[in-house]
Structure formats: structure tokens, C-alpha cells
Amino acid sequence: MKLTFLGSGGGRFSAISQRRMTGGFRIDNLGGKNYHIDPGPGALVRTYQFGFDPRNLSGVFVTHAHTDHYNDAEILIESMTRGMTRRFGTIVGSESVLKGYESWGPCISSYHQSQSDKLILEPGKESRLNNIKIKGTKTEHGDPTGCGFQIDYKGFKVSYTSDTGYFDGLAKEHKGADILIASVLRPGNRTINGHMCSRNFIDLINEVKPKVAVMTHLGLKMISNNPVTEAKKISKQTGVKTIAAFDGLSFNVNYNNPKRFRLISLKDVDSPSHSTNHKMFNNERKNSYQLAFKHNEFDEVSFMKKR
């Protein structure tokens, strides 16, 4: 399994300024399936920029109805379903994302939901998704139906808090996690309603006791305060290896020993297209044509004539 962060920024002002990218993250080769989690603004472009193909997704997750989590979901669903021409994949999301709840959502149109299976995340609800078990986890955030989740693949567990404030019982939601990924908006003790700060994350790690902890969805104050320094402080106080996500962070997960991994920093030049590399730019047209031909993708006029 590989984890790749196509963006480590979070919150409305990080999303607007793009001081950190907001493309969410990918879980690849999880039992042979690939998933994109919380694809915020720029997720599609970042997918190509870091050398991935959005057409090989088996699922798109959106944990709640905030723009920095759902903005690019529909175009990724179109990629997953080959432009909505085949039924494929699963859309996993909160009630607000898929059905709408009061003034929240729906964030994905009925058209874009029509060619995939749907799975609604609810706190405490366990479901099967391909060859994994997935459990919704409670959050306390602006969207009343928002959810994090915990994935269980053959006993190996990856938890994602999504956006939430710290509350009694949060650790219980993520109990047993081998890898704990959390949205940590602010440094130190400077918390904000509906979000965690470093102090909250320390408390959560001490209770959950994961093998590895990753802080992402970083706000402007966290970014300005040096997230790497914060992560080192958290590691020292918890004894748990803690990583501050950065744009293009990638690492392979060792199921038997999660602590053993090598961080990789992906660059634009790793991508076959959308690259600043001159040689690759010269090959872009040819590569784009070959990929389109391979996937039977043609311009919309030709497609309409065939129909």
C-alpha cells in the first residue's frame, strides 16, 4: 500500500491562497484498489502533476460538505467512469455529500452518482468495500453529518479523522489504528472550533497509540509556524513517529512493520504530462494521444456521432 499526499493544506484560507496544495490524498494498491480521499481544489491537476492516473481509481471518498474536501470529486468520478460511459467504482461520503442535509450539500450531482455504487459514512457503521472493511467515525465539525473513517485490511488499520475538534471519545473512534492520519489545523495550543491543534493531536496519539501518525490539512498558522518542527515536538512527547505531510509526500506502507518506511518527495518531473520538464513537454502531445487511444477517449463531437 502506498500513501501519497496531493496536498497538505486545509481550511478555507489555505484553499484560497494555495500556500499549500489542497488535493487531498491517495491510498494506492490497498488490496489492489486505488482510492482518492477528500479531493479538494486542484486534485485532478495534482494527480497528473505527481505522476498518477485518475482513471485507475476504484473509489472516491468525500468526508463532508466543505469545498476544500469535495471540490474536484465530480471530475475524478468522471475519470473513474471513463467520462460517465461505464458503471464503475464506489463513491463514499457523508449523508450531506451524497443526499444533502439541511443547508449542507448534496455536493455530488445525481448525474455523477448514477454510474457508481454509493456508500454513506455514518459514525459507528461498518461496511464492506471491495476487499476492505470500513467504519465511519464521529466528528465534531461544521457539517453535522461529517465523518472520518477507519479502514481495516486483513487486520491492518488506517484511520483518518477528517476535520474535527477534539472531544472525549475521539480516541475510541480510532482505536487500534496502525496509521493515524489527522487534520491538524493549528500549532501548539491554539485550537479553533471544529479543528484540532498540535496539543489535541498529542492527546489523541497518546490514547490511540498508533505505529505512525501523520498530520495534514494544515492551516496558514501551522504552515507559517513550520509543521516539521511541530511534528518533531509531537514525536518527542508521544514516542510515536509523527510526520508533517507536505505536497507530494509519498511512502510505501510495510504491513508487518509500519515504522519502517522511506519518505519520498515527488516532483513535477515525475509526471508524464503537466510537467515543467522540457523533454517531457515535447512528448506530451504524443503521450496524450496514446493514452486517449488506449482508453477509447475521443472528442465529444465524435462521441456524440457514434451515439
# chains A, B, ... in the order shown; residues from 1 in each chain; ligands from 1
call {"tool": "closest_atom_pairs", "arguments": {"of": "region 87-135 of chain A", "to": "region 48-66 of chain A", "cutoff": "7 Å", "atoms": "only C-alpha atoms", "output": "CSV"}}
result
residue,atom,partner,partner_atom,distance
A:Gly89,CA,A:Ser58,CA,4.6
A:Thr90,CA,A:Gly59,CA,4.6
A:Ile91,CA,A:Val60,CA,5.1
A:Val92,CA,A:Phe61,CA,4.6
A:Gly93,CA,A:Val62,CA,4.7
A:Ser94,CA,A:Thr63,CA,5.6
A:Ser96,CA,A:Ala65,CA,6.1
A:Val97,CA,A:Ala65,CA,5.4
A:Trp104,CA,A:Ala65,CA,6.2
A:Gly105,CA,A:Ala65,CA,6.0
A:Cys107,CA,A:Ala65,CA,6.4
call {"tool": "residues_around", "arguments": {"residues": "region 215-221 of chain A", "least_positions_apart": "2", "cutoff": "9 Å", "atoms": "only C-alpha atoms", "output": "PyMOL selection string"}}
result
chain A and resi 5+7-14+19-20+22+24+162-163+180-187+198+201+213+223-227+231+242-246
call {"tool": "select_by_dssp", "arguments": {"residues": "region 37-217 of chain A", "states": "alpha helix (DSSP H)", "output": "PyMOL selection string"}}
result
chain A and resi 43-49+67-70+73-80+95-98+110-113+170-173+198-208
call {"tool": "residues_around", "arguments": {"residues": "Thr238 (chain A)", "least_positions_apart": "2", "cutoff": "10 Å", "atoms": "only C-alpha atoms", "output": "count of residues only"}}
result
16
call {"tool": "select_by_dssp", "arguments": {"residues": "region 24-176 of chain A", "states": "strand (DSSP E)", "output": "PyMOL selection string"}}
result
chain A and resi 25-30+33-37+59-62+90-94+117-121+126-129+132-138+147-153+156-160
call {"tool": "residues_around", "arguments": {"residues": "Tyr153 (chain A)", "least_positions_apart": "4", "cutoff": "9 Å", "atoms": "only C-alpha atoms", "output": "list of chain:residue names"}}
result
A:Leu30, A:Gly31, A:Asn131, A:Ile132, A:Lys133, A:Ile134, A:Lys157, A:Val158
call {"tool": "closest_residue", "arguments": {"among": "A:Thr229, A:Asn257, A:Asn34, A:Ser265", "to": "Leu129 (chain A)", "atoms": "only C-alpha atoms"}}
result
A:Asn34
call {"tool": "decode", "arguments": {"residues": "region 91-116 of chain A", "atoms": "N, CA and C atoms", "output": "compact mmCIF listing (two decimals), in the first residue's frame"}}
result
# COMPACT_ATOMS: atom_id res chain seq x y z
N ILE A 91 -18.55 5.61 -4.69
CA ILE A 91 -18.45 6.94 -4.10
C ILE A 91 -18.80 6.80 -2.62
N VAL A 92 -17.84 7.15 -1.77
CA VAL A 92 -18.03 7.05 -0.32
C VAL A 92 -18.13 8.45 0.24
N GLY A 93 -19.19 8.72 0.98
CA GLY A 93 -19.34 10.07 1.50
C GLY A 93 -20.34 10.16 2.63
N SER A 94 -20.34 11.29 3.29
CA SER A 94 -21.31 11.55 4.35
C SER A 94 -22.70 11.76 3.75
N GLU A 95 -23.69 11.76 4.60
CA GLU A 95 -25.07 11.98 4.14
C GLU A 95 -25.19 13.31 3.42
N SER A 96 -24.54 14.34 3.95
CA SER A 96 -24.63 15.67 3.35
C SER A 96 -24.04 15.68 1.94
N VAL A 97 -22.97 14.92 1.73
CA VAL A 97 -22.29 14.88 0.43
C VAL A 97 -23.15 14.19 -0.62
N LEU A 98 -23.76 13.06 -0.26
CA LEU A 98 -24.47 12.25 -1.24
C LEU A 98 -25.97 12.56 -1.32
N LYS A 99 -26.57 12.91 -0.19
CA LYS A 99 -28.02 13.14 -0.19
C LYS A 99 -28.40 14.59 0.10
N GLY A 100 -27.53 15.27 0.83
CA GLY A 100 -27.85 16.61 1.30
C GLY A 100 -28.48 16.52 2.68
N TYR A 101 -28.13 17.48 3.53
CA TYR A 101 -28.69 17.51 4.89
C TYR A 101 -28.89 18.96 5.28
N GLU A 102 -30.15 19.34 5.45
CA GLU A 102 -30.49 20.73 5.76
C GLU A 102 -29.83 21.65 4.74
N SER A 103 -28.98 22.57 5.18
CA SER A 103 -28.37 23.50 4.22
C SER A 103 -27.08 22.96 3.62
N TRP A 104 -26.70 21.73 3.96
CA TRP A 104 -25.43 21.14 3.52
C TRP A 104 -25.66 20.21 2.34
N GLY A 105 -24.96 20.51 1.21
CA GLY A 105 -24.99 19.61 0.06
C GLY A 105 -26.36 19.52 -0.61
N PRO A 106 -26.56 18.48 -1.45
CA PRO A 106 -25.55 17.48 -1.82
C PRO A 106 -24.42 18.10 -2.64
N CYS A 107 -23.23 17.51 -2.51
CA CYS A 107 -22.04 18.05 -3.15
C CYS A 107 -21.73 17.36 -4.47
N ILE A 108 -22.34 16.21 -4.71
CA ILE A 108 -22.12 15.46 -5.93
C ILE A 108 -23.47 15.26 -6.60
N SER A 109 -23.57 15.68 -7.84
CA SER A 109 -24.86 15.67 -8.54
C SER A 109 -25.39 14.25 -8.70
N SER A 110 -26.68 14.14 -8.89
CA SER A 110 -27.30 12.82 -9.13
C SER A 110 -26.75 12.21 -10.41
N TYR A 111 -26.42 13.06 -11.38
CA TYR A 111 -25.81 12.56 -12.63
C TYR A 111 -24.48 11.88 -12.33
N HIS A 112 -23.63 12.53 -11.54
CA HIS A 112 -22.31 11.96 -11.25
C HIS A 112 -22.39 10.77 -10.30
N GLN A 113 -23.48 10.64 -9.59
CA GLN A 113 -23.68 9.48 -8.73
C GLN A 113 -24.25 8.28 -9.48
N SER A 114 -24.71 8.50 -10.71
CA SER A 114 -25.52 7.49 -11.40
C SER A 114 -24.74 6.30 -11.92
N GLN A 115 -23.42 6.41 -12.08
CA GLN A 115 -22.65 5.33 -12.68
C GLN A 115 -21.74 4.60 -11.69
N SER A 116 -21.93 4.86 -10.40
CA SER A 116 -21.10 4.22 -9.38
C SER A 116 -21.97 3.76 -8.22
